[in-house]
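Undergrad: One structure is given below, represented as structure tokens, and several questions about it will come after.
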Amino acid sequence: MNLPTDGRRVLVSGASRGLGRAVARAFAAGDDRVAVHYGSREEEARATLASLDGTGHVLVSGDLADPAAAARVADEAAEALGGVDVLVNNAAVNLAHPPATTPYEEWVELWQRHVSVNLLGTAYLSHLVARRMIEAGTGGRIVNIGSRGAFKGEPDHPAYGATKAAVHALGQSLAVALAPHGIGVASVAPGFFATERVAPRLAGPEGEAILAQSPFGRVGTAEEIAAAVRWLASPEAQWASGTVLDLNGASYLRT
């Protein structure tokens, strides 16, 4: 079960922009072939695809909250790439719902959406890809994108924090279950990092406070997170299976 250092077949969920795009680029720059998954942002996903180094990359689409659609995504990625060696579970929703001001009906709807995408979508895709890795007998890697908010708390986004904590726990369970098959599973827990989605917050009134969260006086970059993801997917990182790697610039420390 020798995982190669390059030329791997990589499925990145939620890769139309932001961190997913940075992760796809990091793997492509290392001579891996990437299946760029998107849910609804086709134009942005095509921009991601066009930005990748190398050849042999593909687009796959589907709502991962739907078990049948998740199965199609896994099937299409494996068929186009000839298999999957690495899965990066990045697709997620993060919609505000502060408990003191969110109406109950909206609260219920948003909790269901967060659980369906962030947790169940990750569980579906992990199972589908892991079974293919087991059948191929080649081992592999699964890297989950978690969050600092799973530990620090998310007062305005509690379902996001809770589902990311569940993703961390899921990854550790899978790490134990899949190790006999040569499959390493790890998670990263990023703090605040810059993407086009959060640019208005950084430029707005709360920007200074966000920068001050880290003693480095800045936020992270998507490229820094992507570099860690790529290392966790490498052959050298098998012994890191089960890890939840903090990537927050010392903005939140836990023991």
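If you're wondering about the labels, chains in the structure tokens are A, B, ... by order shown, residues count from 1 in each chain, ligands from 1 in order shown.
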Mind checking DSSP for stretch 119-244 of chain A and telling me the strand (DSSP E or B) residues as a PyMOL selection string?

TA: chain A and resi 140-145+183-190+193-194+220-221+244

Undergrad: Would you mind listing what lies within 10 Å of A:Glu208 as a list of chain:residue names, with only C-alpha atoms counted and same-chain residues fewer than 5 positions away left out?

TA: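 The contact residues come out as A:Arg201, A:Leu202, A:Ala203, A:Gln213, A:Gly217, A:Arg218.
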
Undergrad: Of the candidates A:Leu247, A:Ala136, A:Ala189, A:Ala194, which shows the shortest atom-to-atom distance to A:Leu211, using only C-alpha atoms?

TA: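 That would be A:Ala194, the residue with the smallest distance to A:Leu211.
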
Undergrad: Considering only C-alpha atoms, state which residue in the set A:His181, A:Arg148, A:Arg197, A:Arg141 is at the smallest distance from A:Tyr252.

TA: A:Arg148

Undergrad: For each of A:Val185, A:Ala47, A:Leu81, A:Ala65, take the minimum atom-to-atom distance to A:Ala237, counting only C-alpha atoms, then give the residue where this is smallest.

TA: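 Nearest to A:Ala237: A:Val185.
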
Undergrad: Could you name the residues that touch A:Ala35 at 6 Å or less, counting only C-alpha atoms, but leaving out those on the same chain fewer than 6 positions away, as a short mmCIF file (atom, residue, chain, number, x, y, z; two decimals) with N, CA, C and O atoms, in the first residue's frame?

TA:
data_model
loop_
_atom_site.label_atom_id
_atom_site.label_comp_id
_atom_site.auth_asym_id
_atom_site.auth_seq_id
_atom_site.Cartn_x
_atom_site.Cartn_y
_atom_site.Cartn_z
N LEU A 11 -9.79 14.01 -5.09
CA LEU A 11 -11.12 14.61 -5.13
C LEU A 11 -11.21 15.66 -4.04
O LEU A 11 -11.01 15.36 -2.87
N HIS A 57 -7.36 17.14 -15.19
CA HIS A 57 -8.28 17.55 -14.13
C HIS A 57 -9.72 17.55 -14.67
O HIS A 57 -9.95 17.74 -15.86
N VAL A 58 -10.69 17.36 -13.77
CA VAL A 58 -12.09 17.26 -14.19
C VAL A 58 -13.00 18.01 -13.22
O VAL A 58 -12.61 18.28 -12.08
N LEU A 59 -14.21 18.30 -13.70
CA LEU A 59 -15.25 18.87 -12.85
C LEU A 59 -16.26 17.78 -12.49
O LEU A 59 -16.62 16.96 -13.34
N ALA A 77 -15.97 11.04 -10.23
CA ALA A 77 -14.57 11.37 -9.97
C ALA A 77 -13.68 10.15 -10.19
O ALA A 77 -12.63 10.24 -10.84
#

Undergrad: Fewer than 4 positions away in the same chain doesn't count, so skip those; otherwise give me all residues within 8 Å of stretch 83-93 of chain A, counting only C-alpha atoms, as a compact mmCIF listing (two decimals) with N, CA, C and O atoms, in the first residue's frame.

TA:
# COMPACT_ATOMS: atom_id res chain seq x y z
N LEU A 3 1.49 4.72 -1.14
CA LEU A 3 0.88 5.91 -1.71
C LEU A 3 1.97 6.72 -2.40
O LEU A 3 2.98 7.06 -1.79
N ARG A 8 -1.06 11.50 -8.03
CA ARG A 8 -2.21 10.92 -7.33
C ARG A 8 -3.52 11.45 -7.90
O ARG A 8 -3.56 12.47 -8.57
N ARG A 9 -4.58 10.73 -7.59
CA ARG A 9 -5.91 11.10 -8.03
C ARG A 9 -6.66 11.67 -6.83
O ARG A 9 -6.86 10.96 -5.84
N VAL A 10 -7.02 12.94 -6.92
CA VAL A 10 -7.49 13.70 -5.76
C VAL A 10 -8.88 14.26 -6.01
O VAL A 10 -9.11 14.93 -7.03
N LEU A 11 -9.79 14.01 -5.09
CA LEU A 11 -11.12 14.61 -5.13
C LEU A 11 -11.21 15.66 -4.04
O LEU A 11 -11.01 15.36 -2.87
N VAL A 12 -11.48 16.90 -4.44
CA VAL A 12 -11.63 18.01 -3.49
C VAL A 12 -13.08 18.49 -3.55
O VAL A 12 -13.53 19.00 -4.58
N SER A 13 -13.81 18.33 -2.46
CA SER A 13 -15.19 18.80 -2.45
C SER A 13 -15.23 20.29 -2.14
O SER A 13 -14.38 20.82 -1.45
N GLY A 14 -16.24 20.96 -2.69
CA GLY A 14 -16.38 22.39 -2.46
C GLY A 14 -15.20 23.19 -2.95
O GLY A 14 -14.68 24.05 -2.25
N ALA A 15 -14.79 22.92 -4.20
CA ALA A 15 -13.54 23.50 -4.71
C ALA A 15 -13.77 24.66 -5.68
O ALA A 15 -12.86 25.03 -6.42
N LEU A 19 -10.89 28.21 0.03
CA LEU A 19 -9.94 27.19 0.44
C LEU A 19 -9.95 26.01 -0.52
O LEU A 19 -8.90 25.44 -0.84
N GLY A 20 -11.13 25.60 -0.97
CA GLY A 20 -11.19 24.48 -1.90
C GLY A 20 -10.38 24.72 -3.15
O GLY A 20 -9.68 23.83 -3.65
N ALA A 77 -15.97 11.04 -10.23
CA ALA A 77 -14.57 11.37 -9.97
C ALA A 77 -13.68 10.15 -10.19
O ALA A 77 -12.63 10.24 -10.84
N ALA A 78 -14.10 9.01 -9.66
CA ALA A 78 -13.30 7.79 -9.80
C ALA A 78 -13.20 7.35 -11.26
O ALA A 78 -12.14 6.90 -11.72
N GLU A 79 -14.29 7.47 -11.99
CA GLU A 79 -14.27 7.07 -13.39
C GLU A 79 -13.36 7.99 -14.21
O GLU A 79 -12.58 7.53 -15.05
N ARG A 113 -29.68 22.14 7.62
CA ARG A 113 -28.80 22.34 6.46
C ARG A 113 -27.34 22.14 6.83
O ARG A 113 -26.58 21.50 6.09
N HIS A 114 -26.92 22.68 7.97
CA HIS A 114 -25.53 22.50 8.39
C HIS A 114 -25.20 21.03 8.63
O HIS A 114 -24.15 20.55 8.21
N VAL A 117 -25.06 19.06 5.16
CA VAL A 117 -23.90 19.31 4.30
C VAL A 117 -22.59 19.05 5.03
O VAL A 117 -21.76 18.25 4.59
N ASN A 118 -22.41 19.71 6.16
CA ASN A 118 -21.10 19.69 6.83
C ASN A 118 -20.76 18.32 7.40
O ASN A 118 -19.61 17.86 7.29
N THR A 122 -19.96 14.93 4.44
CA THR A 122 -18.61 14.44 4.70
C THR A 122 -18.62 12.94 4.97
O THR A 122 -17.77 12.19 4.46
N LEU A 125 -19.40 10.98 1.56
CA LEU A 125 -18.29 10.94 0.61
C LEU A 125 -17.12 10.13 1.16
O LEU A 125 -16.45 9.40 0.41
N SER A 126 -16.88 10.22 2.46
CA SER A 126 -15.80 9.45 3.06
C SER A 126 -16.05 7.95 2.91
O SER A 126 -15.13 7.18 2.57
N VAL A 129 -15.66 6.88 -0.91
CA VAL A 129 -14.28 6.87 -1.40
C VAL A 129 -13.46 5.82 -0.66
O VAL A 129 -12.64 5.11 -1.26
N ARG A 132 -13.89 2.41 -2.10
CA ARG A 132 -13.15 2.26 -3.35
C ARG A 132 -11.66 2.03 -3.07
O ARG A 132 -11.01 1.21 -3.73
N MET A 133 -11.11 2.75 -2.11
CA MET A 133 -9.71 2.56 -1.75
C MET A 133 -9.47 1.14 -1.23
O MET A 133 -8.47 0.50 -1.56
N THR A 138 -4.99 -0.18 -2.43
CA THR A 138 -3.84 0.72 -2.57
C THR A 138 -3.68 1.69 -1.41
O THR A 138 -2.74 2.48 -1.39
N GLY A 139 -4.60 1.66 -0.46
CA GLY A 139 -4.55 2.63 0.62
C GLY A 139 -4.97 4.00 0.13
O GLY A 139 -5.52 4.15 -0.97
N GLY A 140 -4.72 5.02 0.93
CA GLY A 140 -5.10 6.37 0.53
C GLY A 140 -5.11 7.31 1.71
O GLY A 140 -4.65 6.98 2.81
N ARG A 141 -5.63 8.50 1.45
CA ARG A 141 -5.71 9.53 2.49
C ARG A 141 -7.06 10.25 2.40
O ARG A 141 -7.56 10.52 1.31
N ILE A 142 -7.60 10.57 3.57
CA ILE A 142 -8.78 11.43 3.67
C ILE A 142 -8.41 12.57 4.61
O ILE A 142 -7.92 12.32 5.72
N VAL A 143 -8.61 13.79 4.16
CA VAL A 143 -8.33 14.97 4.99
C VAL A 143 -9.61 15.79 5.09
O VAL A 143 -10.19 16.18 4.06
N ASN A 144 -10.05 16.03 6.30
CA ASN A 144 -11.27 16.79 6.55
C ASN A 144 -10.93 18.23 6.95
O ASN A 144 -9.98 18.46 7.72
N ILE A 145 -11.71 19.17 6.44
CA ILE A 145 -11.56 20.56 6.84
C ILE A 145 -12.50 20.84 8.00
O ILE A 145 -13.72 20.89 7.84
N TYR A 160 -22.51 25.58 12.82
CA TYR A 160 -21.23 25.40 12.13
C TYR A 160 -20.20 24.83 13.09
O TYR A 160 -19.53 23.85 12.79
N ALA A 233 -1.90 14.61 3.36
CA ALA A 233 -2.25 13.62 2.34
C ALA A 233 -1.03 12.92 1.76
O ALA A 233 -1.17 12.09 0.86

Undergrad: Considering only C-alpha atoms, can you say which of A:Ser234, A:Ser187, A:Ser173, A:Thr55 comes closest to A:Ala150?

TA: A:Ser187

Undergrad: What is the atom CA of A:Arg17 to atom CA of A:Gly149 distance in Å?

TA: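 These two atoms are separated by 20.8 Å.
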
Undergrad: Using DSSP on the backbone coordinates, identify the residues of stretch 31-159 of chain A assigned to alpha helix (DSSP H); present them as an NGL selection string.

TA: :A and (42-51 or 67-81 or 104-114 or 122-136 or 149-152 or 158-159)

Undergrad: List the spatial neighbours of A:Leu64 as number ranges by chain - criterion: any atom at most 7 Å away, only C-alpha atoms, same-chain residues fewer than 4 positions off excluded.

TA: A: 69-70, 117, 121

Undergrad: Please produce a file of those selected residues containing all heavy atoms, as a PDB file, in the first residue's frame.

TA:
ATOM      1  N   ALA A  69     -26.810  11.871  -4.834  1.00  0.00           N
ATOM      2  CA  ALA A  69     -25.933  12.806  -5.537  1.00  0.00           C
ATOM      3  C   ALA A  69     -24.487  12.628  -5.091  1.00  0.00           C
ATOM      4  O   ALA A  69     -23.563  12.712  -5.909  1.00  0.00           O
ATOM      5  CB  ALA A  69     -26.393  14.242  -5.285  1.00  0.00           C
ATOM      6  N   ALA A  70     -24.274  12.376  -3.799  1.00  0.00           N
ATOM      7  CA  ALA A  70     -22.917  12.127  -3.310  1.00  0.00           C
ATOM      8  C   ALA A  70     -22.326  10.896  -3.984  1.00  0.00           C
ATOM      9  O   ALA A  70     -21.144  10.879  -4.356  1.00  0.00           O
ATOM     10  CB  ALA A  70     -22.928  11.955  -1.796  1.00  0.00           C
ATOM     11  N   VAL A 117     -25.061  19.056   5.160  1.00  0.00           N
ATOM     12  CA  VAL A 117     -23.898  19.310   4.296  1.00  0.00           C
ATOM     13  C   VAL A 117     -22.593  19.047   5.030  1.00  0.00           C
ATOM     14  O   VAL A 117     -21.759  18.247   4.593  1.00  0.00           O
ATOM     15  CB  VAL A 117     -23.920  20.756   3.759  1.00  0.00           C
ATOM     16  CG1 VAL A 117     -22.656  21.033   2.939  1.00  0.00           C
ATOM     17  CG2 VAL A 117     -25.159  20.994   2.904  1.00  0.00           C
ATOM     18  N   GLY A 121     -22.757  15.046   4.561  1.00  0.00           N
ATOM     19  CA  GLY A 121     -22.073  15.051   3.268  1.00  0.00           C
ATOM     20  C   GLY A 121     -20.650  14.538   3.382  1.00  0.00           C
ATOM     21  O   GLY A 121     -20.174  13.766   2.539  1.00  0.00           O
TER      22      GLY A 121
END

Undergrad: Compare A:Thr101, A:Gly7, A:Gln112, A:Tyr38 by their minimum atom-to-atom distance to A:Gly82, counting only C-alpha atoms, and give me the closest one.

TA: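 Closest candidate: A:Gly7.
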
Undergrad: Using only C-alpha atoms, determine which residues lie at most 10 Å from A:Glu224, disregarding the query and same-chain residues fewer than 6 positions distant; provide the list as a PyMOL selection string.

TA: chain A and resi 19+22-23+26+190+193+247

Undergrad: What does the distance between atom CA of A:His127 and atom CA of A:Gly62 come to in Å, to one decimal place?

TA: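 Here the two named atoms are 16.2 Å from each other.
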